[in-house]
file final_1.csv (CSV, C-alpha atoms)
chain,number,residue,atom,x,y,z
B,1,MET,CA,-8.4,15.1,-9.0
B,2,LYS,CA,-11.8,14.7,-10.6
B,3,LEU,CA,-12.1,12.6,-13.8
B,4,ASP,CA,-15.0,13.4,-16.1
B,5,LEU,CA,-16.4,10.2,-17.5
B,6,LYS,CA,-19.6,11.5,-19.1
B,7,ALA,CA,-18.3,10.9,-22.6
B,8,LEU,CA,-17.3,7.3,-21.8
B,9,PHE,CA,-20.6,6.5,-20.2
B,10,GLY,CA,-22.3,8.1,-23.2
B,11,GLY,CA,-20.7,5.5,-25.6
B,12,ASP,CA,-17.6,7.4,-26.7
B,13,THR,CA,-14.6,5.0,-27.3
B,14,GLN,CA,-12.0,7.8,-27.0
B,15,ARG,CA,-9.4,6.9,-24.3
B,16,ILE,CA,-8.8,9.3,-21.5
B,17,ALA,CA,-5.1,9.4,-20.7
B,18,ILE,CA,-4.1,10.0,-17.1
B,19,GLU,CA,-0.7,11.3,-16.1
B,20,GLU,CA,-0.6,13.0,-12.7
B,21,GLN,CA,1.5,13.6,-9.6
B,22,LEU,CA,-0.8,13.4,-6.6
B,23,ASP,CA,0.1,14.6,-3.1
B,24,PHE,CA,-0.8,12.3,-0.3
B,25,HIS,CA,1.5,13.7,2.4
B,26,ASP,CA,-1.4,13.8,4.9
B,27,LEU,CA,-2.3,10.1,4.4
B,28,GLN,CA,-2.1,8.5,7.9
B,29,TYR,CA,-0.7,4.9,8.1
B,30,GLY,CA,-0.3,3.8,11.7
B,31,SER,CA,1.4,6.5,13.6
B,32,TYR,CA,3.1,8.3,10.6
B,33,CYS,CA,2.5,9.6,7.1
B,34,PRO,CA,4.5,7.4,4.7
B,35,LEU,CA,4.1,9.4,1.5
B,36,ARG,CA,6.2,12.5,1.8
B,37,GLN,CA,6.8,12.7,-2.0
B,38,PRO,CA,4.1,12.9,-4.6
B,39,VAL,CA,2.6,9.6,-6.0
B,40,ARG,CA,3.1,9.3,-9.8
B,41,VAL,CA,-0.1,8.1,-11.5
B,42,THR,CA,-0.2,7.0,-15.1
B,43,GLY,CA,-2.9,5.1,-17.0
B,44,GLN,CA,-6.1,5.4,-18.9
B,45,ALA,CA,-9.9,5.3,-18.7
B,46,TYR,CA,-11.6,3.7,-21.7
B,47,ALA,CA,-14.8,2.0,-22.8
B,48,LYS,CA,-15.0,-1.3,-24.6
B,49,ALA,CA,-18.3,-3.1,-25.5
B,50,ASP,CA,-20.3,-0.6,-23.4
B,51,VAL,CA,-18.2,-1.3,-20.3
B,52,CYS,CA,-15.9,1.4,-18.8
B,53,TYR,CA,-12.5,0.5,-17.4
B,54,LEU,CA,-9.8,2.2,-15.5
B,55,ASP,CA,-6.2,1.0,-15.7
B,56,LEU,CA,-3.7,2.8,-13.4
B,57,ASP,CA,0.0,2.3,-12.5
B,58,LEU,CA,1.2,4.1,-9.3
B,59,SER,CA,4.8,4.5,-8.3
B,60,PHE,CA,5.9,6.1,-5.0
B,61,VAL,CA,8.5,6.0,-2.2
B,62,PHE,CA,7.3,4.6,1.1
B,63,ASP,CA,8.9,6.6,4.0
B,64,GLY,CA,8.6,4.9,7.3
B,65,VAL,CA,10.3,2.9,10.1
B,66,CYS,CA,11.1,-0.7,10.4
B,67,ASP,CA,8.7,-2.5,12.7
B,68,ARG,CA,11.5,-4.6,14.2
B,69,CYS,CA,14.5,-2.4,14.5
B,70,ALA,CA,13.0,1.1,14.2
B,71,GLU,CA,15.5,2.2,11.5
B,72,PRO,CA,14.2,4.7,8.9
B,73,ILE,CA,13.1,3.1,5.6
B,74,GLN,CA,12.7,4.6,2.1
B,75,LYS,CA,11.4,1.9,-0.1
B,76,PRO,CA,10.3,2.5,-3.8
B,77,MET,CA,7.0,0.7,-4.4
B,78,SER,CA,4.5,0.3,-7.3
B,79,LEU,CA,0.9,-0.7,-7.6
B,80,SER,CA,-1.2,-1.6,-10.6
B,81,LEU,CA,-5.0,-1.2,-10.6
B,82,HIS,CA,-7.6,-2.5,-13.0
B,83,LYS,CA,-11.2,-1.4,-12.2
B,84,ILE,CA,-14.5,-1.6,-13.9
B,85,LEU,CA,-16.4,1.7,-13.7
B,86,VAL,CA,-20.2,1.5,-13.2
B,87,GLU,CA,-22.9,4.2,-12.7
B,88,ASP,CA,-25.2,1.9,-10.8
B,89,LEU,CA,-24.9,-1.5,-9.1
B,90,GLN,CA,-28.0,-3.7,-9.7
B,91,ASN,CA,-27.2,-5.9,-6.8
B,92,ARG,CA,-25.1,-4.2,-4.1
B,93,GLU,CA,-24.4,-7.6,-2.4
B,94,ASP,CA,-22.5,-8.7,-5.5
B,95,ALA,CA,-20.3,-5.7,-5.5
B,96,ASP,CA,-16.6,-6.4,-5.0
B,97,ASP,CA,-13.3,-4.5,-5.1
B,98,GLU,CA,-13.2,-4.7,-8.9
B,99,TYR,CA,-16.2,-2.4,-9.4
B,100,VAL,CA,-16.1,1.4,-8.7
B,101,LEU,CA,-19.4,3.2,-8.4
B,102,VAL,CA,-19.2,6.5,-10.2
B,103,GLN,CA,-21.6,9.3,-9.1
B,104,ASP,CA,-22.7,11.9,-11.6
B,105,SER,CA,-20.3,10.6,-14.3
B,106,ALA,CA,-17.3,12.0,-12.3
B,107,LEU,CA,-14.7,10.0,-10.4
B,108,ASP,CA,-12.7,11.5,-7.6
B,109,LEU,CA,-9.4,9.8,-8.3
B,110,SER,CA,-7.8,11.0,-5.1
B,111,ASP,CA,-10.4,9.3,-2.9
B,112,LEU,CA,-10.1,6.0,-4.8
B,113,LEU,CA,-6.3,6.0,-4.7
B,114,ARG,CA,-6.2,6.9,-1.0
B,115,GLU,CA,-8.2,3.8,-0.2
B,116,GLU,CA,-6.2,1.6,-2.5
B,117,LEU,CA,-2.9,2.7,-1.1
B,118,LEU,CA,-4.0,2.0,2.5
B,119,LEU,CA,-5.1,-1.5,1.4
B,120,PHE,CA,-1.8,-2.0,-0.4
B,121,PHE,CA,0.6,-1.0,2.4
B,122,PRO,CA,2.0,-4.1,4.2
B,123,THR,CA,0.9,-4.7,7.7
B,124,LYS,CA,4.5,-5.1,8.8
B,125,MET,CA,7.2,-3.0,7.2
B,126,LEU,CA,10.7,-4.3,7.5
B,127,CYS,CA,14.0,-2.7,6.5
B,128,LYS,CA,15.0,-6.1,5.1
B,129,PRO,CA,13.4,-9.6,5.1
B,130,ASP,CA,15.8,-11.0,7.7
B,131,CYS,CA,15.8,-8.0,10.1
B,132,LYS,CA,16.8,-9.2,13.5
B,133,GLY,CA,15.2,-6.4,15.4
B,134,LEU,CA,16.3,-5.0,18.8
B,135,CYS,CA,17.5,-6.8,21.9
B,136,CYS,CA,14.6,-6.9,24.4
B,137,LYS,CA,17.0,-6.2,27.3
B,138,CYS,CA,19.5,-3.6,26.2
B,139,GLY,CA,17.8,-2.2,23.0
B,140,LYS,CA,20.8,-2.8,20.7
B,141,ASN,CA,20.1,-3.2,17.0
B,142,LEU,CA,20.9,-6.9,16.4
B,143,ASN,CA,21.5,-6.2,12.7
B,144,ASP,CA,24.7,-4.4,13.7
B,145,GLY,CA,25.9,-7.4,15.6
B,146,PRO,CA,25.1,-9.5,18.7
B,147,CYS,CA,24.7,-7.8,22.1
B,148,ASP,CA,26.5,-8.6,25.3
B,149,CYS,CA,23.4,-9.5,27.3
B,150,GLN,CA,23.3,-12.9,29.0
B,151,LYS,CA,20.6,-15.1,27.5
B,152,ASP,CA,18.1,-16.5,29.9
B,153,VAL,CA,17.4,-20.2,29.6
B,154,ASP,CA,13.9,-21.6,30.1
B,155,PRO,CA,14.2,-23.7,33.3
B,156,ARG,CA,12.3,-26.5,31.6
B,157,LEU,CA,15.0,-26.7,28.9
B,158,GLU,CA,18.0,-26.4,31.3
B,159,ALA,CA,18.6,-30.1,31.4
B,160,LEU,CA,19.0,-30.2,27.6
B,161,LEU,CA,21.5,-27.3,27.8
B,162,GLN,CA,23.6,-29.4,30.3
B,163,LEU,CA,23.7,-32.2,27.8
B,164,LEU,CA,25.4,-29.9,25.3
B,165,ASP,CA,28.1,-28.9,27.8

call {"tool": "encode", "arguments": {"input": "final_1.csv", "output": "structure tokens"}}
result
Amino acid sequence: MKLDLKALFGGDTQRIAIEEQLDFHDLQYGSYCPLRQPVRVTGQAYAKADVCYLDLDLSFVFDGVCDRCAEPIQKPMSLSLHKILVEDLQNREDADDEYVLVQDSALDLSDLLREELLLFFPTKMLCKPDCKGLCCKCGKNLNDGPCDCQKDVDPRLEALLQLLD
């Protein structure tokens, strides 16, 4: 989706409302595509004191698998963005994530959001914070209960175990 910002960069103070459903089903995250449903994007672009801003709220459902137990996950998530839009950066070394460089007064919202979503996704996705994962011997999901595997004791700690008996 292209956002025409010519009027805002020209000094117009009229706000540009944004309400879209964007499809990112092909967005690759690890080994799968987590956004099977459209991403809801609401917000606005506006100018204040000759500075252009972009405020967006994204809501979506993350479809994936738990990194510990491999169970499927459907987790509703939301992300808020506040960006400053610029046509030129005087000093590119000072550029940070807050600034978005706009070429030819048009912003490709899909490209910006694709990058922001990839940065937002957690590095480890869990079905629940206290997920116990899988048994490394038999592969049983330990969230469903303990397995019947015999636990190996580190030989260095065997003497301590005998004290408990």

call {"tool": "closest_atom_pairs", "arguments": {"input": "final_1.csv", "of": "segment 92-141 of chain B", "to": "segment 30-38 of chain B", "cutoff": "12 Å", "atoms": "only C-alpha atoms", "output": "tab-separated table"}}
result
residue	atom	partner	partner_atom	distance
B:Arg114	CA	B:Leu35	CA	10.9
B:Leu117	CA	B:Leu35	CA	10.0
B:Leu118	CA	B:Gly30	CA	10.1
B:Phe121	CA	B:Pro34	CA	9.5
B:Pro122	CA	B:Gly30	CA	11.1
B:Thr123	CA	B:Gly30	CA	9.5
B:Lys124	CA	B:Gly30	CA	10.5
B:Met125	CA	B:Pro34	CA	11.0

call {"tool": "residues_around", "arguments": {"input": "final_1.csv", "residues": "segment 140-155 of chain B", "least_positions_apart": "6", "cutoff": "9 Å", "atoms": "only C-alpha atoms", "output": "PDB file with C-alpha atoms, in the coordinates of the input"}}
result
ATOM      1  CA  CYS B  69      14.500  -2.400  14.500  1.00  0.00           C
ATOM      2  CA  ALA B  70      13.000   1.100  14.200  1.00  0.00           C
ATOM      3  CA  GLU B  71      15.500   2.200  11.500  1.00  0.00           C
ATOM      4  CA  ASP B 130      15.800 -11.000   7.700  1.00  0.00           C
ATOM      5  CA  CYS B 131      15.800  -8.000  10.100  1.00  0.00           C
ATOM      6  CA  LYS B 132      16.800  -9.200  13.500  1.00  0.00           C
ATOM      7  CA  GLY B 133      15.200  -6.400  15.400  1.00  0.00           C
ATOM      8  CA  LEU B 134      16.300  -5.000  18.800  1.00  0.00           C
ATOM      9  CA  LEU B 161      21.500 -27.300  27.800  1.00  0.00           C
TER      10      LEU B 161
END

call {"tool": "atom_distance", "arguments": {"input": "final_1.csv", "atom1": "atom CA of Ala47 of chain B", "atom2": "atom CA of Asp12 of chain B"}}
result
7.2 Å

call {"tool": "atom_distance", "arguments": {"input": "final_1.csv", "atom1": "atom CA of Asp57 of chain B", "atom2": "atom CA of Gln90 of chain B"}}
result
28.8 Å

call {"tool": "closest_residue", "arguments": {"input": "final_1.csv", "among": "B:Ile16, B:Cys138, B:Leu3, B:Val86", "to": "Leu107 of chain B", "atoms": "only C-alpha atoms"}}
result
B:Leu3

call {"tool": "atom_distance", "arguments": {"input": "final_1.csv", "atom1": "atom CA of Ser78 of chain B", "atom2": "atom CA of Val41 of chain B"}}
result
10.0 Å

call {"tool": "residues_around", "arguments": {"input": "final_1.csv", "residues": "Met1 of chain B", "least_positions_apart": "3", "cutoff": "9 Å", "atoms": "only C-alpha atoms", "output": "ChimeraX atom specification"}}
result
/B:20,22,107-111

call {"tool": "write_last_selection", "arguments": {"input": "final_1.csv", "atoms": "C-alpha atoms", "output": "PDB file, keeping the file's coordinate frame"}}
result
ATOM      1  CA  GLU B  20      -0.600  13.000 -12.700  1.00  0.00           C
ATOM      2  CA  LEU B  22      -0.800  13.400  -6.600  1.00  0.00           C
ATOM      3  CA  LEU B 107     -14.700  10.000 -10.400  1.00  0.00           C
ATOM      4  CA  ASP B 108     -12.700  11.500  -7.600  1.00  0.00           C
ATOM      5  CA  LEU B 109      -9.400   9.800  -8.300  1.00  0.00           C
ATOM      6  CA  SER B 110      -7.800  11.000  -5.100  1.00  0.00           C
ATOM      7  CA  ASP B 111     -10.400   9.300  -2.900  1.00  0.00           C
TER       8      ASP B 111
END

call {"tool": "closest_residue", "arguments": {"input": "final_1.csv", "among": "B:Leu164, B:Leu119, B:Cys127, B:Leu85", "to": "Glu98 of chain B", "atoms": "all atoms listed in the file"}}
result
B:Leu85

call {"tool": "closest_residue", "arguments": {"input": "final_1.csv", "among": "B:Ile73, B:Cys136, B:Leu79, B:Leu8", "to": "Thr42 of chain B", "atoms": "all atoms listed in the file"}}
result
B:Leu79

call {"tool": "closest_residue", "arguments": {"input": "final_1.csv", "among": "B:Gln28, B:Thr13, B:Ser80, B:Gln74", "to": "Val61 of chain B", "atoms": "only C-alpha atoms"}}
result
B:Gln74

call {"tool": "closest_residue", "arguments": {"input": "final_1.csv", "among": "B:Asp4, B:Glu158, B:Glu19, B:Glu87", "to": "Tyr99 of chain B", "atoms": "only C-alpha atoms"}}
result
B:Glu87

call {"tool": "closest_residue", "arguments": {"input": "final_1.csv", "among": "B:Leu5, B:Met77, B:Ile18, B:Cys66", "to": "Val51 of chain B", "atoms": "all atoms listed in the file"}}
result
B:Leu5

call {"tool": "residues_near_point", "arguments": {"input": "final_1.csv", "point": "(-24.8, 8.7, -9.9)", "cutoff": "10 Å", "atoms": "only C-alpha atoms", "output": "list in words"}}
result
Val86, Glu87, Asp88, Leu101, Val102, Gln103, Asp104, Ser105 and Ala106 of chain B

call {"tool": "decode", "arguments": {"input": "final_1.csv", "residues": "segment 9-161 of chain B", "atoms": "C-alpha atoms", "output": "mmCIF file, in the first residue's frame"}}
result
data_model
loop_
_atom_site.group_PDB
_atom_site.id
_atom_site.type_symbol
_atom_site.label_atom_id
_atom_site.label_comp_id
_atom_site.auth_asym_id
_atom_site.auth_seq_id
_atom_site.Cartn_x
_atom_site.Cartn_y
_atom_site.Cartn_z
ATOM 1 C CA PHE B 9 5.449 17.561 3.085
ATOM 2 C CA GLY B 10 4.021 20.627 1.306
ATOM 3 C CA GLY B 11 2.796 22.098 4.596
ATOM 4 C CA ASP B 12 -0.798 20.829 4.687
ATOM 5 C CA THR B 13 -1.995 20.083 8.239
ATOM 6 C CA GLN B 14 -4.849 17.789 7.142
ATOM 7 C CA ARG B 15 -4.503 14.361 8.761
ATOM 8 C CA ILE B 16 -4.444 11.257 6.569
ATOM 9 C CA ALA B 17 -6.470 8.483 8.192
ATOM 10 C CA ILE B 18 -5.243 4.932 7.689
ATOM 11 C CA GLU B 19 -7.487 1.906 8.082
ATOM 12 C CA GLU B 20 -6.383 -1.157 6.149
ATOM 13 C CA GLN B 21 -6.220 -4.932 6.220
ATOM 14 C CA LEU B 22 -2.838 -5.963 4.797
ATOM 15 C CA ASP B 23 -1.948 -9.469 3.701
ATOM 16 C CA PHE B 24 1.438 -10.767 4.878
ATOM 17 C CA HIS B 25 0.769 -14.507 4.390
ATOM 18 C CA ASP B 26 4.124 -14.832 2.576
ATOM 19 C CA LEU B 27 6.153 -13.235 5.403
ATOM 20 C CA GLN B 28 8.830 -15.775 6.330
ATOM 21 C CA TYR B 29 9.762 -16.075 10.027
ATOM 22 C CA GLY B 30 12.136 -18.909 10.746
ATOM 23 C CA SER B 31 10.827 -21.935 8.917
ATOM 24 C CA TYR B 32 7.170 -20.900 8.651
ATOM 25 C CA CYS B 33 4.818 -18.052 7.715
ATOM 26 C CA PRO B 34 3.121 -16.851 10.933
ATOM 27 C CA LEU B 35 0.593 -14.373 9.501
ATOM 28 C CA ARG B 36 -2.091 -16.476 7.830
ATOM 29 C CA GLN B 37 -4.781 -13.871 8.511
ATOM 30 C CA PRO B 38 -4.653 -10.216 7.386
ATOM 31 C CA VAL B 39 -2.996 -7.653 9.648
ATOM 32 C CA ARG B 40 -5.355 -4.878 10.762
ATOM 33 C CA VAL B 41 -3.668 -1.467 10.476
ATOM 34 C CA THR B 42 -5.192 1.732 11.863
ATOM 35 C CA GLY B 43 -3.632 5.103 12.427
ATOM 36 C CA GLN B 44 -2.816 8.408 10.838
ATOM 37 C CA ALA B 45 -0.158 10.460 9.134
ATOM 38 C CA TYR B 46 -0.027 14.129 10.049
ATOM 39 C CA ALA B 47 2.195 17.196 10.085
ATOM 40 C CA LYS B 48 2.842 19.366 13.121
ATOM 41 C CA ALA B 49 5.306 22.267 13.200
ATOM 42 C CA ASP B 50 6.657 21.288 9.749
ATOM 43 C CA VAL B 51 7.448 17.752 10.910
ATOM 44 C CA CYS B 52 5.555 14.758 9.496
ATOM 45 C CA TYR B 53 4.563 11.898 11.777
ATOM 46 C CA LEU B 54 3.125 8.431 11.307
ATOM 47 C CA ASP B 55 1.220 6.751 14.152
ATOM 48 C CA LEU B 56 0.026 3.190 13.539
ATOM 49 C CA ASP B 57 -1.580 0.409 15.555
ATOM 50 C CA LEU B 58 -1.340 -3.123 14.201
ATOM 51 C CA SER B 59 -3.311 -6.114 15.427
ATOM 52 C CA PHE B 60 -2.864 -9.648 14.156
ATOM 53 C CA VAL B 61 -2.881 -13.322 15.078
ATOM 54 C CA PHE B 62 0.509 -15.067 15.226
ATOM 55 C CA ASP B 63 0.198 -18.647 13.910
ATOM 56 C CA GLY B 64 3.187 -20.786 14.775
ATOM 57 C CA VAL B 65 4.570 -23.589 16.881
ATOM 58 C CA CYS B 66 5.936 -23.578 20.412
ATOM 59 C CA ASP B 67 9.733 -23.673 20.412
ATOM 60 C CA ARG B 68 9.796 -26.090 23.374
ATOM 61 C CA CYS B 69 6.926 -28.543 22.878
ATOM 62 C CA ALA B 70 6.118 -28.080 19.149
ATOM 63 C CA GLU B 71 2.396 -27.551 19.835
ATOM 64 C CA PRO B 72 0.549 -25.197 17.449
ATOM 65 C CA ILE B 73 0.044 -21.635 18.716
ATOM 66 C CA GLN B 74 -2.481 -18.971 17.753
ATOM 67 C CA LYS B 75 -1.614 -15.875 19.736
ATOM 68 C CA PRO B 76 -3.316 -12.468 19.250
ATOM 69 C CA MET B 77 -0.724 -9.688 19.231
ATOM 70 C CA SER B 78 -0.635 -5.931 18.774
ATOM 71 C CA LEU B 79 2.060 -3.436 17.912
ATOM 72 C CA SER B 80 2.103 0.373 18.073
ATOM 73 C CA LEU B 81 4.441 2.434 15.924
ATOM 74 C CA HIS B 82 5.375 6.098 16.105
ATOM 75 C CA LYS B 83 7.640 7.286 13.298
ATOM 76 C CA ILE B 84 8.976 10.610 12.062
ATOM 77 C CA LEU B 85 8.803 10.892 8.276
ATOM 78 C CA VAL B 86 11.635 12.712 6.493
ATOM 79 C CA GLU B 87 12.412 13.314 2.822
ATOM 80 C CA ASP B 88 16.128 13.631 3.456
ATOM 81 C CA LEU B 89 18.535 12.795 6.255
ATOM 82 C CA GLN B 90 21.245 15.406 6.697
ATOM 83 C CA ASN B 91 23.510 13.047 8.574
ATOM 84 C CA ARG B 92 22.864 9.369 7.792
ATOM 85 C CA GLU B 93 25.027 8.295 10.744
ATOM 86 C CA ASP B 94 22.501 9.864 13.137
ATOM 87 C CA ALA B 95 19.581 7.996 11.585
ATOM 88 C CA ASP B 96 17.770 5.690 13.960
ATOM 89 C CA ASP B 97 14.661 3.528 13.909
ATOM 90 C CA GLU B 98 12.428 6.485 14.712
ATOM 91 C CA TYR B 99 13.033 8.132 11.315
ATOM 92 C CA VAL B 100 11.610 6.815 8.050
ATOM 93 C CA LEU B 101 13.123 8.089 4.822
ATOM 94 C CA VAL B 102 10.364 8.797 2.279
ATOM 95 C CA GLN B 103 11.317 8.736 -1.414
ATOM 96 C CA ASP B 104 9.341 10.922 -3.871
ATOM 97 C CA SER B 105 6.763 11.861 -1.194
ATOM 98 C CA ALA B 106 5.309 8.330 -1.229
ATOM 99 C CA LEU B 107 5.693 5.741 1.511
ATOM 100 C CA ASP B 108 5.273 2.034 0.845
ATOM 101 C CA LEU B 109 3.504 1.016 4.030
ATOM 102 C CA SER B 110 3.775 -2.709 3.258
ATOM 103 C CA ASP B 111 7.586 -2.629 3.173
ATOM 104 C CA LEU B 112 7.800 -0.611 6.392
ATOM 105 C CA LEU B 113 5.370 -2.889 8.243
ATOM 106 C CA ARG B 114 7.041 -6.062 6.965
ATOM 107 C CA GLU B 115 10.325 -4.925 8.522
ATOM 108 C CA GLU B 116 8.687 -3.774 11.771
ATOM 109 C CA LEU B 117 6.807 -7.062 12.173
ATOM 110 C CA LEU B 118 9.974 -9.121 11.751
ATOM 111 C CA LEU B 119 11.705 -7.002 14.391
ATOM 112 C CA PHE B 120 8.698 -7.306 16.722
ATOM 113 C CA PHE B 121 8.314 -11.094 16.660
ATOM 114 C CA PRO B 122 9.893 -12.758 19.707
ATOM 115 C CA THR B 123 13.019 -14.836 19.166
ATOM 116 C CA LYS B 124 11.477 -17.676 21.164
ATOM 117 C CA MET B 125 7.750 -18.348 20.869
ATOM 118 C CA LEU B 126 6.214 -20.350 23.715
ATOM 119 C CA CYS B 127 2.693 -21.735 24.093
ATOM 120 C CA LYS B 128 2.792 -20.554 27.724
ATOM 121 C CA PRO B 129 5.551 -18.974 29.830
ATOM 122 C CA ASP B 130 6.115 -22.120 31.918
ATOM 123 C CA CYS B 131 6.129 -24.605 29.001
ATOM 124 C CA LYS B 132 8.067 -27.719 30.053
ATOM 125 C CA GLY B 133 8.892 -28.858 26.522
ATOM 126 C CA LEU B 134 9.531 -32.416 25.348
ATOM 127 C CA CYS B 135 11.385 -35.251 27.071
ATOM 128 C CA CYS B 136 14.765 -35.536 25.386
ATOM 129 C CA LYS B 137 14.623 -39.353 25.577
ATOM 130 C CA CYS B 138 11.084 -40.405 24.671
ATOM 131 C CA GLY B 139 9.709 -37.178 23.152
ATOM 132 C CA LYS B 140 6.637 -36.965 25.410
ATOM 133 C CA ASN B 141 5.131 -33.520 25.900
ATOM 134 C CA LEU B 142 5.956 -32.800 29.567
ATOM 135 C CA ASN B 143 3.060 -30.308 29.788
ATOM 136 C CA ASP B 144 0.727 -33.344 29.651
ATOM 137 C CA GLY B 145 2.454 -34.960 32.641
ATOM 138 C CA PRO B 146 5.770 -36.597 33.560
ATOM 139 C CA CYS B 147 7.228 -39.342 31.396
ATOM 140 C CA ASP B 148 8.356 -42.787 32.582
ATOM 141 C CA CYS B 149 11.979 -42.357 31.534
ATOM 142 C CA GLN B 150 14.676 -43.033 34.116
ATOM 143 C CA LYS B 151 16.524 -39.858 34.940
ATOM 144 C CA ASP B 152 20.294 -40.097 34.546
ATOM 145 C CA VAL B 153 22.284 -38.705 37.440
ATOM 146 C CA ASP B 154 25.531 -36.871 36.859
ATOM 147 C CA PRO B 155 28.247 -39.131 38.364
ATOM 148 C CA ARG B 156 29.788 -36.107 40.084
ATOM 149 C CA LEU B 157 26.544 -35.566 42.019
ATOM 150 C CA GLU B 158 25.853 -39.239 42.814
ATOM 151 C CA ALA B 159 27.266 -38.923 46.350
ATOM 152 C CA LEU B 160 24.783 -36.131 47.117
ATOM 153 C CA LEU B 161 21.910 -38.280 45.882
#
